[in-house]
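Printed here is protein08.txt (compact mmCIF, C-alpha atoms (C1' of nucleotides)):
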# COMPACT_ATOMS: atom_id res chain seq x y z
CA MET A 1 -31.03 24.67 10.34
CA LYS A 2 -27.36 23.92 11.02
CA GLU A 3 -25.99 20.37 11.09
CA LYS A 4 -27.87 19.47 7.96
CA VAL A 5 -25.27 16.83 7.13
CA LYS A 6 -26.85 13.47 7.85
CA VAL A 7 -25.21 11.04 10.24
CA ARG A 8 -24.45 8.51 7.53
CA ASP A 9 -22.68 11.12 5.45
CA ARG A 10 -20.76 12.45 8.43
CA ILE A 11 -19.49 8.94 9.14
CA LEU A 12 -18.51 8.36 5.52
CA ASN A 13 -16.80 11.74 5.19
CA VAL A 14 -14.73 11.22 8.31
CA ALA A 15 -13.90 7.63 7.35
CA THR A 16 -12.87 8.77 3.87
CA ASP A 17 -10.50 11.34 5.27
CA LEU A 18 -8.97 8.94 7.79
CA PHE A 19 -8.74 5.86 5.55
CA TYR A 20 -7.02 7.92 2.89
CA HIS A 21 -4.61 9.85 5.07
CA GLN A 22 -3.86 7.38 7.87
CA GLY A 23 -4.60 4.08 6.18
CA PHE A 24 -7.42 1.62 6.70
CA ASN A 25 -5.77 -0.59 9.27
CA GLN A 26 -4.40 2.33 11.23
CA THR A 27 -7.83 3.90 11.54
CA GLY A 28 -9.92 2.55 14.40
CA ILE A 29 -13.68 2.59 14.80
CA ASN A 30 -13.24 4.63 17.97
CA GLN A 31 -11.42 7.40 16.14
CA ILE A 32 -14.09 7.54 13.45
CA ILE A 33 -16.94 7.93 15.93
CA ALA A 34 -14.98 10.49 17.93
CA GLU A 35 -14.27 12.71 14.93
CA ALA A 36 -17.72 12.27 13.45
CA ASP A 37 -19.11 13.04 16.90
CA ILE A 38 -21.57 10.15 16.95
CA ALA A 39 -22.07 7.06 19.08
CA ILE A 40 -20.74 3.65 18.20
CA GLY A 41 -24.26 2.27 18.06
CA SER A 42 -25.11 4.71 15.28
CA LEU A 43 -22.14 3.67 13.23
CA TYR A 44 -23.09 0.00 13.35
CA ASN A 45 -26.66 0.95 12.54
CA HIS A 46 -25.55 2.46 9.22
CA PHE A 47 -22.64 0.16 8.44
CA PRO A 48 -22.84 -3.47 9.63
CA SER A 49 -19.05 -3.77 9.80
CA LYS A 50 -15.84 -1.87 9.20
CA ASN A 51 -15.53 -3.72 5.90
CA ASP A 52 -18.86 -2.33 4.70
CA LEU A 53 -17.57 1.11 5.50
CA LEU A 54 -14.49 0.36 3.40
CA LEU A 55 -16.63 -0.66 0.43
CA ALA A 56 -18.72 2.52 0.72
CA TYR A 57 -15.49 4.52 0.83
CA LEU A 58 -14.18 2.90 -2.34
CA ARG A 59 -17.46 3.36 -4.22
CA LYS A 60 -17.46 7.01 -3.26
CA GLN A 61 -13.88 7.43 -4.48
CA GLU A 62 -14.75 5.73 -7.76
CA GLU A 63 -17.69 8.05 -8.36
CA GLU A 64 -15.79 11.19 -7.45
CA TRP A 65 -12.81 10.22 -9.57
CA PHE A 66 -14.73 10.10 -12.84
CA ASP A 67 -16.99 13.03 -11.97
CA GLY A 68 -13.86 15.04 -11.29
CA LEU A 69 -12.27 14.05 -14.59
CA GLU A 70 -15.39 15.00 -16.50
CA LYS A 71 -15.49 18.45 -14.94
CA PHE A 72 -11.77 18.87 -15.50
CA THR A 73 -11.94 18.04 -19.21
CA GLN A 74 -15.31 19.50 -20.15
CA GLY A 75 -15.35 21.62 -23.27
CA ILE A 76 -12.27 19.94 -24.70
CA SER A 77 -12.94 17.85 -27.77
CA GLN A 78 -9.56 17.24 -29.38
CA PRO A 79 -8.28 13.80 -28.31
CA ARG A 80 -4.73 15.08 -28.12
CA GLU A 81 -5.75 17.79 -25.64
CA ARG A 82 -7.88 15.39 -23.64
CA ILE A 83 -4.94 13.04 -23.25
CA LEU A 84 -2.75 15.84 -21.93
CA LYS A 85 -5.54 16.98 -19.64
CA PHE A 86 -5.68 13.47 -18.25
CA ILE A 87 -2.16 13.92 -16.86
CA ASP A 88 -3.00 17.41 -15.65
CA TYR A 89 -5.92 15.94 -13.74
CA ARG A 90 -3.68 13.48 -11.99
CA ILE A 91 -1.15 16.20 -11.26
CA ALA A 92 -3.94 18.34 -9.81
CA GLN A 93 -5.09 15.43 -7.63
CA GLN A 94 -1.64 15.22 -6.08
CA GLN A 95 -1.37 18.94 -5.39
CA PRO A 96 -3.02 19.60 -2.02
CA ASP A 97 -1.67 16.52 -0.21
CA PHE A 98 0.55 13.72 -1.46
CA TYR A 99 -0.95 10.46 -0.36
CA GLY A 100 -1.20 8.53 -3.59
CA CYS A 101 -3.97 6.63 -5.31
CA PRO A 102 -6.52 5.33 -2.78
CA PHE A 103 -7.14 2.20 -4.83
CA ILE A 104 -3.50 1.20 -5.03
CA LYS A 105 -3.09 1.98 -1.34
CA ILE A 106 -5.90 -0.26 -0.23
CA ILE A 107 -4.64 -3.25 -2.24
CA ALA A 108 -1.20 -2.72 -0.76
CA GLU A 109 -2.74 -2.69 2.70
CA ILE A 110 -5.19 -5.56 2.63
CA GLY A 111 -4.20 -7.52 -0.48
CA THR A 112 -6.59 -9.09 -2.96
CA GLN A 113 -8.22 -11.58 -0.60
CA ASP A 114 -11.49 -9.65 -0.36
CA GLN A 115 -13.13 -10.21 -3.74
CA GLN A 116 -15.42 -7.19 -3.56
CA VAL A 117 -12.50 -4.88 -2.90
CA GLN A 118 -10.36 -6.53 -5.55
CA GLN A 119 -13.09 -6.15 -8.17
CA LEU A 120 -13.77 -2.53 -7.29
CA VAL A 121 -10.11 -1.66 -7.65
CA GLU A 122 -9.53 -3.69 -10.80
CA GLY A 123 -12.71 -2.23 -12.30
CA HIS A 124 -11.62 1.31 -11.56
CA LYS A 125 -8.26 0.82 -13.23
CA ASN A 126 -9.75 -0.92 -16.26
CA ARG A 127 -12.24 1.89 -16.70
CA GLN A 128 -9.37 4.37 -16.87
CA ARG A 129 -7.49 2.19 -19.32
CA MET A 130 -10.53 1.83 -21.59
CA LEU A 131 -11.14 5.57 -21.55
CA LEU A 132 -7.56 6.14 -22.68
CA GLN A 133 -7.75 3.48 -25.37
CA GLY A 134 -10.77 5.33 -26.78
CA LEU A 135 -8.93 8.65 -26.83
CA PHE A 136 -5.86 7.20 -28.53
CA GLN A 137 -8.01 5.48 -31.16
CA GLN A 138 -9.39 8.86 -32.20
CA LEU A 139 -5.90 10.23 -32.48
CA ASP A 140 -4.33 11.01 -35.83
CA TYR A 141 -1.12 9.20 -35.12
CA ASP A 142 1.31 7.08 -37.10
CA GLY A 143 4.26 6.06 -34.97
CA PRO A 144 6.38 2.98 -34.32
CA VAL A 145 3.83 1.34 -31.99
CA ASP A 146 0.13 0.81 -32.54
CA LYS A 147 -2.42 2.99 -30.76
CA LYS A 148 -3.69 0.40 -28.31
CA LEU A 149 -0.20 -0.48 -27.11
CA LEU A 150 0.63 3.21 -26.78
CA ALA A 151 -2.55 3.83 -24.80
CA ASP A 152 -1.90 0.93 -22.42
CA ASN A 153 1.66 1.96 -21.80
CA PHE A 154 0.73 5.58 -21.37
CA PHE A 155 -1.67 4.45 -18.66
CA LEU A 156 1.14 2.48 -17.03
CA MET A 157 3.45 5.49 -17.11
CA VAL A 158 0.86 7.60 -15.34
CA GLU A 159 0.34 4.84 -12.76
CA GLY A 160 4.07 4.56 -12.20
CA ALA A 161 4.42 8.33 -11.94
CA THR A 162 1.60 8.47 -9.38
CA VAL A 163 3.34 5.87 -7.24
CA ASN A 164 6.58 7.78 -7.66
CA ALA A 165 4.90 11.01 -6.55
CA THR A 166 3.69 9.22 -3.42
CA ILE A 167 7.17 8.02 -2.55
CA SER A 168 9.21 11.09 -3.51
CA ARG A 169 6.54 13.65 -2.67
CA ASN A 170 6.92 15.61 -5.89
CA ILE A 171 5.33 15.58 -9.32
CA LYS A 172 8.49 15.56 -11.42
CA ALA A 173 7.74 12.11 -12.80
CA LEU A 174 4.24 13.15 -13.86
CA GLU A 175 5.69 16.16 -15.66
CA GLY A 176 8.15 13.80 -17.36
CA VAL A 177 5.31 11.62 -18.63
CA LYS A 178 3.64 14.69 -20.11
CA LYS A 179 6.83 15.66 -21.90
CA PHE A 180 7.25 12.11 -23.21
CA ILE A 181 3.75 11.69 -24.55
CA LYS A 182 3.80 15.17 -26.12
CA LYS A 183 6.84 14.15 -28.17
CA MET A 184 5.29 10.80 -29.05
CA MET A 185 2.13 12.48 -30.34
CA ALA A 186 4.00 15.22 -32.19
CA MET B 1 24.46 -29.84 14.15
CA LYS B 2 20.88 -29.09 13.17
CA GLU B 3 19.26 -25.69 13.80
CA LYS B 4 22.32 -23.86 12.61
CA VAL B 5 20.21 -20.85 11.66
CA LYS B 6 20.86 -18.21 14.27
CA VAL B 7 17.98 -16.71 16.24
CA ARG B 8 18.38 -13.29 14.70
CA ASP B 9 18.17 -14.71 11.21
CA ARG B 10 15.20 -16.89 12.09
CA ILE B 11 13.35 -13.80 13.33
CA LEU B 12 14.23 -11.78 10.24
CA ASN B 13 13.30 -14.59 7.85
CA VAL B 14 9.91 -15.10 9.46
CA ALA B 15 9.26 -11.36 9.66
CA THR B 16 10.20 -10.95 6.00
CA ASP B 17 7.75 -13.60 4.94
CA LEU B 18 4.92 -12.21 7.07
CA PHE B 19 5.49 -8.51 6.40
CA TYR B 20 5.53 -9.19 2.68
CA HIS B 21 2.59 -11.54 2.45
CA GLN B 22 0.29 -10.28 5.22
CA GLY B 23 1.39 -6.68 5.52
CA PHE B 24 3.32 -4.90 8.24
CA ASN B 25 0.38 -3.69 10.29
CA GLN B 26 -1.43 -6.98 10.02
CA THR B 27 1.55 -8.89 11.36
CA GLY B 28 1.83 -8.94 15.13
CA ILE B 29 4.88 -9.53 17.27
CA ASN B 30 3.15 -12.56 18.75
CA GLN B 31 2.78 -14.24 15.38
CA ILE B 32 6.42 -13.63 14.56
CA ILE B 33 7.71 -15.18 17.76
CA ALA B 34 5.31 -18.12 17.39
CA GLU B 35 6.42 -18.96 13.85
CA ALA B 36 10.08 -18.34 14.59
CA ASP B 37 9.67 -20.50 17.70
CA ILE B 38 11.41 -18.09 20.02
CA ALA B 39 10.41 -16.11 23.11
CA ILE B 40 9.34 -12.49 23.01
CA GLY B 41 12.29 -11.52 25.20
CA SER B 42 14.67 -12.83 22.55
CA LEU B 43 13.04 -10.79 19.85
CA TYR B 44 13.40 -7.55 21.78
CA ASN B 45 16.97 -8.50 22.58
CA HIS B 46 17.82 -8.51 18.87
CA PHE B 47 15.45 -5.79 17.68
CA PRO B 48 14.64 -2.92 20.09
CA SER B 49 11.26 -2.31 18.45
CA LYS B 50 9.00 -3.51 15.66
CA ASN B 51 10.15 -0.52 13.65
CA ASP B 52 13.77 -1.67 13.83
CA LEU B 53 12.63 -5.02 12.51
CA LEU B 54 10.93 -3.21 9.64
CA LEU B 55 14.13 -1.35 8.76
CA ALA B 56 16.12 -4.59 8.81
CA TYR B 57 13.49 -6.15 6.53
CA LEU B 58 13.73 -3.31 4.02
CA ARG B 59 17.54 -3.34 4.01
CA LYS B 60 17.48 -7.07 3.36
CA GLN B 61 15.02 -6.63 0.48
CA GLU B 62 17.19 -3.89 -1.02
CA GLU B 63 20.27 -6.09 -0.92
CA GLU B 64 18.55 -9.14 -2.34
CA TRP B 65 16.87 -7.12 -5.09
CA PHE B 66 20.11 -5.96 -6.67
CA ASP B 67 21.96 -9.21 -6.00
CA GLY B 68 19.12 -10.99 -7.77
CA LEU B 69 19.27 -8.65 -10.75
CA GLU B 70 23.01 -9.11 -11.07
CA LYS B 71 22.70 -12.90 -11.12
CA PHE B 72 19.81 -12.68 -13.54
CA THR B 73 21.70 -10.52 -16.05
CA GLN B 74 25.23 -11.84 -15.69
CA GLY B 75 27.02 -12.61 -18.93
CA ILE B 76 24.88 -10.19 -20.91
CA SER B 77 26.74 -7.16 -22.16
CA GLN B 78 24.57 -5.63 -24.87
CA PRO B 79 22.55 -2.74 -23.34
CA ARG B 80 19.51 -3.63 -25.44
CA GLU B 81 19.47 -7.17 -24.04
CA ARG B 82 20.09 -5.96 -20.51
CA ILE B 83 17.10 -3.63 -20.74
CA LEU B 84 14.85 -6.49 -21.87
CA LYS B 85 16.27 -8.71 -19.14
CA PHE B 86 15.33 -6.02 -16.63
CA ILE B 87 11.66 -6.60 -17.46
CA ASP B 88 12.14 -10.35 -17.43
CA TYR B 89 13.57 -10.03 -13.93
CA ARG B 90 10.51 -8.20 -12.73
CA ILE B 91 8.25 -10.72 -14.45
CA ALA B 92 10.17 -13.53 -12.75
CA GLN B 93 9.79 -11.82 -9.37
CA GLN B 94 6.01 -11.85 -9.78
CA GLN B 95 5.84 -15.51 -10.78
CA PRO B 96 5.67 -17.58 -7.60
CA ASP B 97 3.29 -15.31 -5.68
CA PHE B 98 1.67 -12.03 -6.68
CA TYR B 99 2.14 -9.62 -3.83
CA GLY B 100 3.73 -6.65 -5.50
CA CYS B 101 6.75 -4.52 -4.73
CA PRO B 102 7.58 -4.59 -1.01
CA PHE B 103 8.77 -0.98 -1.10
CA ILE B 104 5.62 0.39 -2.68
CA LYS B 105 3.56 -1.70 -0.28
CA ILE B 106 5.20 -0.34 2.83
CA ILE B 107 4.76 3.29 1.77
CA ALA B 108 1.12 2.59 1.03
CA GLU B 109 0.76 1.06 4.50
CA ILE B 110 2.61 3.48 6.73
CA GLY B 111 3.06 6.58 4.56
CA THR B 112 6.18 8.73 4.40
CA GLN B 113 6.19 9.96 8.01
CA ASP B 114 9.09 7.74 9.07
CA GLN B 115 12.10 9.38 7.43
CA GLN B 116 14.32 6.31 7.55
CA VAL B 117 11.73 4.23 5.74
CA GLN B 118 11.01 6.98 3.24
CA GLN B 119 14.69 7.36 2.41
CA LEU B 120 15.23 3.61 2.04
CA VAL B 121 12.33 3.34 -0.39
CA GLU B 122 13.17 6.47 -2.35
CA GLY B 123 16.81 5.37 -2.50
CA HIS B 124 15.87 1.95 -3.82
CA LYS B 125 13.74 3.39 -6.60
CA ASN B 126 16.33 6.01 -7.56
CA ARG B 127 19.00 3.32 -7.76
CA GLN B 128 16.86 1.41 -10.25
CA ARG B 129 16.22 4.54 -12.25
CA MET B 130 19.92 5.43 -12.40
CA LEU B 131 20.82 1.92 -13.50
CA LEU B 132 18.34 2.20 -16.36
CA GLN B 133 19.56 5.66 -17.35
CA GLY B 134 23.06 4.18 -17.68
CA LEU B 135 21.84 1.35 -19.90
CA PHE B 136 19.87 3.66 -22.17
CA GLN B 137 22.83 6.02 -22.52
CA GLN B 138 24.90 3.16 -23.94
CA LEU B 139 22.16 2.38 -26.40
CA ASP B 140 22.54 3.12 -30.11
CA TYR B 141 19.20 4.85 -30.43
CA ASP B 142 17.86 7.81 -32.37
CA GLY B 143 14.15 8.26 -31.75
CA PRO B 144 11.69 11.05 -31.11
CA VAL B 145 12.57 11.39 -27.42
CA ASP B 146 16.01 11.68 -25.82
CA LYS B 147 17.55 8.74 -24.01
CA LYS B 148 17.16 10.06 -20.48
CA LEU B 149 13.47 10.77 -20.94
CA LEU B 150 12.97 7.34 -22.49
CA ALA B 151 14.81 5.67 -19.60
CA ASP B 152 12.78 7.50 -16.96
CA ASN B 153 9.49 6.68 -18.63
CA PHE B 154 10.47 3.10 -19.21
CA PHE B 155 11.09 2.84 -15.49
CA LEU B 156 7.64 4.33 -14.82
CA MET B 157 6.01 1.83 -17.19
CA VAL B 158 7.60 -1.04 -15.33
CA GLU B 159 6.50 0.44 -12.02
CA GLY B 160 2.96 0.87 -13.30
CA ALA B 161 2.94 -2.64 -14.71
CA THR B 162 4.14 -4.05 -11.38
CA VAL B 163 1.30 -2.30 -9.57
CA ASN B 164 -1.09 -3.55 -12.22
CA ALA B 165 0.16 -7.12 -11.75
CA THR B 166 -0.51 -6.81 -8.03
CA ILE B 167 -4.08 -5.68 -8.61
CA SER B 168 -5.04 -7.91 -11.54
CA ARG B 169 -2.88 -10.86 -10.54
CA ASN B 170 -1.42 -11.38 -13.98
CA ILE B 171 1.65 -10.22 -15.87
CA LYS B 172 -0.05 -9.05 -19.09
CA ALA B 173 0.89 -5.43 -18.46
CA LEU B 174 4.55 -6.35 -17.96
CA GLU B 175 4.50 -8.27 -21.25
CA GLY B 176 2.97 -5.18 -22.87
CA VAL B 177 5.82 -3.01 -21.64
CA LYS B 178 8.30 -5.43 -23.14
CA LYS B 179 6.54 -5.29 -26.49
CA PHE B 180 6.43 -1.49 -26.37
CA ILE B 181 10.09 -0.96 -25.53
CA LYS B 182 11.15 -3.54 -28.10
CA LYS B 183 9.44 -1.50 -30.82
CA MET B 184 10.84 1.74 -29.45
CA MET B 185 14.40 0.34 -29.55
CA ALA B 186 13.99 -1.27 -32.98
C1' DG C 1 20.61 -14.33 25.99
C1' DT C 2 16.64 -16.71 26.50
C1' DC C 3 12.65 -17.43 29.10
C1' DT C 4 7.51 -16.46 31.40
C1' DA C 5 4.29 -13.30 33.00
C1' DT C 6 2.03 -9.26 32.57
C1' DA C 7 1.24 -4.37 31.97
C1' DG C 8 -1.54 -0.84 29.63
C1' DA C 9 -3.75 0.57 25.70
C1' DG C 10 -6.77 0.01 21.88
C1' DG C 11 -8.94 -3.16 18.45
C1' DG C 12 -13.96 -4.62 16.44
C1' DA C 13 -18.34 -5.69 17.74
C1' DT C 14 -22.80 -6.46 20.67
C1' DA C 15 -26.68 -5.70 24.20
C1' DG C 16 -30.12 -3.26 25.87
C1' DA C 17 -31.96 1.29 27.70
C1' DC C 18 -34.25 5.20 25.90
C1' DG D 1 -32.06 5.37 15.44
C1' DT D 2 -29.21 7.05 18.74
C1' DC D 3 -27.20 6.36 23.09
C1' DT D 4 -23.87 4.11 27.04
C1' DA D 5 -21.64 0.25 28.88
C1' DT D 6 -19.05 -3.53 28.20
C1' DC D 7 -17.22 -8.04 26.22
C1' DC D 8 -13.27 -10.41 24.59
C1' DC D 9 -9.37 -10.25 21.94
C1' DT D 10 -4.90 -8.61 20.29
C1' DC D 11 -1.51 -5.18 20.19
C1' DT D 12 3.59 -3.51 21.49
C1' DA D 13 6.60 -3.42 25.02
C1' DT D 14 8.72 -4.19 29.76
C1' DA D 15 10.22 -6.59 34.19
C1' DG D 16 12.57 -9.87 36.31
C1' DA D 17 13.72 -15.03 36.97
C1' DC D 18 17.04 -18.26 35.28

This entry written out as structure tokens:
Amino acid sequence: MKEKVKVRDRILNVATDLFYHQGFNQTGINQIIAEADIAIGSLYNHFPSKNDLLLAYLRKQEEEWFDGLEKFTQGISQPRERILKFIDYRIAQQQPDFYGCPFIKIIAEIGTQDQQVQQLVEGHKNRQRMLLQGLFQQLDYDGPVDKKLLADNFFLMVEGATVNATISRNIKALEGVKKFIKKMMA
Amino acid sequence: MKEKVKVRDRILNVATDLFYHQGFNQTGINQIIAEADIAIGSLYNHFPSKNDLLLAYLRKQEEEWFDGLEKFTQGISQPRERILKFIDYRIAQQQPDFYGCPFIKIIAEIGTQDQQVQQLVEGHKNRQRMLLQGLFQQLDYDGPVDKKLLADNFFLMVEGATVNATISRNIKALEGVKKFIKKMMA
DNA sequence: GTCTATAGAGGGATAGAC
DNA sequence: GTCTATCCCTCTATAGAC
């Protein structure tokens, strides 16, 4: 009853780990099949090309990202607290290993040529932005900038801080964003 | 008297163009020597390895980045105007072709393993951040957050907006940052 | 200092046996 | 559906002639 993990999932799990930590271009088919302990024929049976494997990887990341956020923020109803928890979630994501946002990484690696990849990444980021716009709309706030502009720029700060964490390998910038938005919402 | 451009510069110019537009890993030595119209022996005479070529590329980008900013903002003395011009500079950089920040791209591609690369990139970003901190310190501003925190988060917004421009292939986010900081400084 | 030729490894993908 | 064997291409880097 061991080895219950199906071949397809083993491939995708190994590919996910390698694409994220080594990069897509630096990960070869041969390494994937070696670490997943399967034959090359099996890989191409499940995924017609390396690009299909990339798309499956991105879809999996997308799903896990929002599932993770939901679990992380469940039980919290106040918009102000949910906004702060949003940063905490991104801080928590960076904790075990600092390799940055997988969506930003893949665009940096392969560009925006591939339309399916481009749309997956753009869609993921827009979904985050919309979620934040919704939270800020519910907020009881009356500051110098309107709520939508604040929401959009808060999103950009978090994006910038995530990139910064990847480069500098610390979460100081993310903590700074939290401090900033706390004062703005006070 | 034609062909005054030295071999070393021809190599570096071609490599710069290809590394930036195609990516480092996706650019082969063979393509570089073909487009620079030189022999492979000449390349390795000037650059001991592809990695040395990468370091030369990054140092060139660093130099040109700050030279470009200086030219772009010369004659402007008011800190408020210089801050706004900082965004305009980054908007202008994105105008001819949308390929994002070369420093962020290279970290996304090769990670932070290589210490020389990591330090070049981190140094470049810190230099930008320090420059902005200086400008905000000179500012006559009395808002809800202190100047240093505002400067750091302004930098993060611009970083986030640059990444966003790379993904979405438009400069809307950068325009949004400008609007935001204008209201904050008003 | 620039050239040609080539080494030696690894890339993605396919064919056909079982 | 999983396996092995293999094709053809490209990669970075080196050797040695000129």

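Atom pair CA of Gln93 (chain B) / CA of Val121 (chain A) has a distance of 22.4 Å (rounded to one decimal).
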
Using 12 Å as the limit and counting only C-alpha atoms (C1' of nucleotides), can you tabulate each residue of chain A that touches chain C, with its shortest atom-to-atom distance in Å and the two atoms involved, as a Markdown table?
| residue | atom | partner | partner_atom | distance |
| --- | --- | --- | --- | --- |
| A:Asn25 | CA | C:DG11 | C1' | 10.0 |
| A:Gln26 | CA | C:DG11 | C1' | 10.1 |
| A:Thr27 | CA | C:DG11 | C1' | 9.9 |
| A:Gly28 | CA | C:DG11 | C1' | 7.1 |
| A:Ile29 | CA | C:DG12 | C1' | 7.4 |
| A:Asn30 | CA | C:DG10 | C1' | 8.9 |
| A:Gln31 | CA | C:DG10 | C1' | 10.4 |
| A:Ile40 | CA | C:DA13 | C1' | 9.7 |
| A:Gly41 | CA | C:DT14 | C1' | 9.2 |
| A:Leu43 | CA | C:DA13 | C1' | 11.1 |
| A:Tyr44 | CA | C:DA13 | C1' | 8.6 |
| A:Asn45 | CA | C:DT14 | C1' | 11.7 |
| A:Phe47 | CA | C:DA13 | C1' | 11.8 |
| A:Pro48 | CA | C:DA13 | C1' | 9.5 |
| A:Ser49 | CA | C:DA13 | C1' | 8.2 |
| A:Lys50 | CA | C:DG12 | C1' | 8.0 |
| A:Asn51 | CA | C:DG12 | C1' | 10.7 |

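Excluding region 6-22 of chain A itself and same-chain residues fewer than 4 positions from it, the residues having an atom within 7 Å of it are Gln26, Thr27, Ile32, Glu35, Ala36, His46, Tyr57, Tyr99 and Pro102 of chain A, counting only C-alpha atoms (C1' of nucleotides).
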
Can you write out as a tab-separated table which residues of chain B fall within 7 Å of chain A, alongside each residue's closest atom pair and its distance in Å to one decimal, counting only C-alpha atoms and ordering rows by chain and ascending residue number?
residue	atom	partner	partner_atom	distance
B:Gly23	CA	A:Glu109	CA	6.4
B:Asn25	CA	A:Asn25	CA	7.0
B:Lys105	CA	A:Ala108	CA	4.9
B:Ile107	CA	A:Ile167	CA	6.8
B:Ala108	CA	A:Lys105	CA	4.9
B:Glu109	CA	A:Glu109	CA	5.4
B:Glu122	CA	A:Ser168	CA	6.2
B:Pro144	CA	A:Lys183	CA	6.5
B:Val145	CA	A:Lys183	CA	6.4
B:Leu149	CA	A:Phe180	CA	6.8
B:Asn153	CA	A:Met157	CA	6.3
B:Leu156	CA	A:Gly160	CA	4.4
B:Met157	CA	A:Met157	CA	4.5
B:Glu159	CA	A:Gly160	CA	4.8
B:Gly160	CA	A:Gly160	CA	4.0
B:Ala161	CA	A:Leu156	CA	5.9
B:Ile167	CA	A:Glu122	CA	6.2
B:Ser168	CA	A:Glu122	CA	6.2
B:Val177	CA	A:Asn153	CA	6.5
B:Phe180	CA	A:Leu149	CA	6.7
B:Lys183	CA	A:Val145	CA	6.4
B:Met184	CA	A:Pro144	CA	6.7

Can those selected residues be exported to a file as a PDB file, in the frame of the given file so that it contains C-alpha atoms?
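Generated output (out01.pdb):
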ATOM      1  CA  GLY B  23       1.390  -6.680   5.520  1.00  0.00           C
ATOM      2  CA  ASN B  25       0.380  -3.690  10.290  1.00  0.00           C
ATOM      3  CA  LYS B 105       3.560  -1.700  -0.280  1.00  0.00           C
ATOM      4  CA  ILE B 107       4.760   3.290   1.770  1.00  0.00           C
ATOM      5  CA  ALA B 108       1.120   2.590   1.030  1.00  0.00           C
ATOM      6  CA  GLU B 109       0.760   1.060   4.500  1.00  0.00           C
ATOM      7  CA  GLU B 122      13.170   6.470  -2.350  1.00  0.00           C
ATOM      8  CA  PRO B 144      11.690  11.050 -31.110  1.00  0.00           C
ATOM      9  CA  VAL B 145      12.570  11.390 -27.420  1.00  0.00           C
ATOM     10  CA  LEU B 149      13.470  10.770 -20.940  1.00  0.00           C
ATOM     11  CA  ASN B 153       9.490   6.680 -18.630  1.00  0.00           C
ATOM     12  CA  LEU B 156       7.640   4.330 -14.820  1.00  0.00           C
ATOM     13  CA  MET B 157       6.010   1.830 -17.190  1.00  0.00           C
ATOM     14  CA  GLU B 159       6.500   0.440 -12.020  1.00  0.00           C
ATOM     15  CA  GLY B 160       2.960   0.870 -13.300  1.00  0.00           C
ATOM     16  CA  ALA B 161       2.940  -2.640 -14.710  1.00  0.00           C
ATOM     17  CA  ILE B 167      -4.080  -5.680  -8.610  1.00  0.00           C
ATOM     18  CA  SER B 168      -5.040  -7.910 -11.540  1.00  0.00           C
ATOM     19  CA  VAL B 177       5.820  -3.010 -21.640  1.00  0.00           C
ATOM     20  CA  PHE B 180       6.430  -1.490 -26.370  1.00  0.00           C
ATOM     21  CA  LYS B 183       9.440  -1.500 -30.820  1.00  0.00           C
ATOM     22  CA  MET B 184      10.840   1.740 -29.450  1.00  0.00           C
TER      23      MET B 184
END

So how far away is CA of Arg80 (chain B) from CA of Glu175 (chain B), in Å?
-> 16.3 Å

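Across the model, the gap from CA of Asp88 (chain A) to CA of Asn170 (chain A) is 14.0 Å.
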
Between region 46-107 of chain A and region 128-141 of chain A, at 9 Å or less, what are the per-residue closest atom pairs and their distances in Å? Count only C-alpha atoms, order by chain and rising residue number, and return it as CSV.
residue,atom,partner,partner_atom,distance
A:Phe66,CA,A:Gln128,CA,8.8
A:Gln78,CA,A:Leu139,CA,8.5
A:Pro79,CA,A:Leu135,CA,5.4
A:Arg80,CA,A:Leu139,CA,6.6
A:Arg82,CA,A:Leu135,CA,7.5
A:Ile83,CA,A:Leu135,CA,6.9
A:Phe86,CA,A:Leu132,CA,8.8

Can you check which parts of chain D lie within 12 Å of chain B? Per residue, the shortest pair of atoms and distance in Å to one decimal, counting all atoms listed in the file, sorted by chain and number, as a Markdown table.
| residue | atom | partner | partner_atom | distance |
| --- | --- | --- | --- | --- |
| D:DT10 | C1' | B:Gly28 | CA | 8.5 |
| D:DC11 | C1' | B:Gly28 | CA | 7.1 |
| D:DT12 | C1' | B:Ile29 | CA | 7.5 |
| D:DA13 | C1' | B:Ser49 | CA | 8.1 |
| D:DT14 | C1' | B:Gly41 | CA | 9.3 |
| D:DA15 | C1' | B:Gly41 | CA | 10.5 |
| D:DG16 | C1' | B:Gly41 | CA | 11.2 |

Neighbourhood query: residues within 9 Å of (16.1, -0.5, 4.2), file coordinates, counting all atoms listed in the file; return as a PyMOL selection string.
-> chain B and resi 54-63+116-117+119-121+123-124
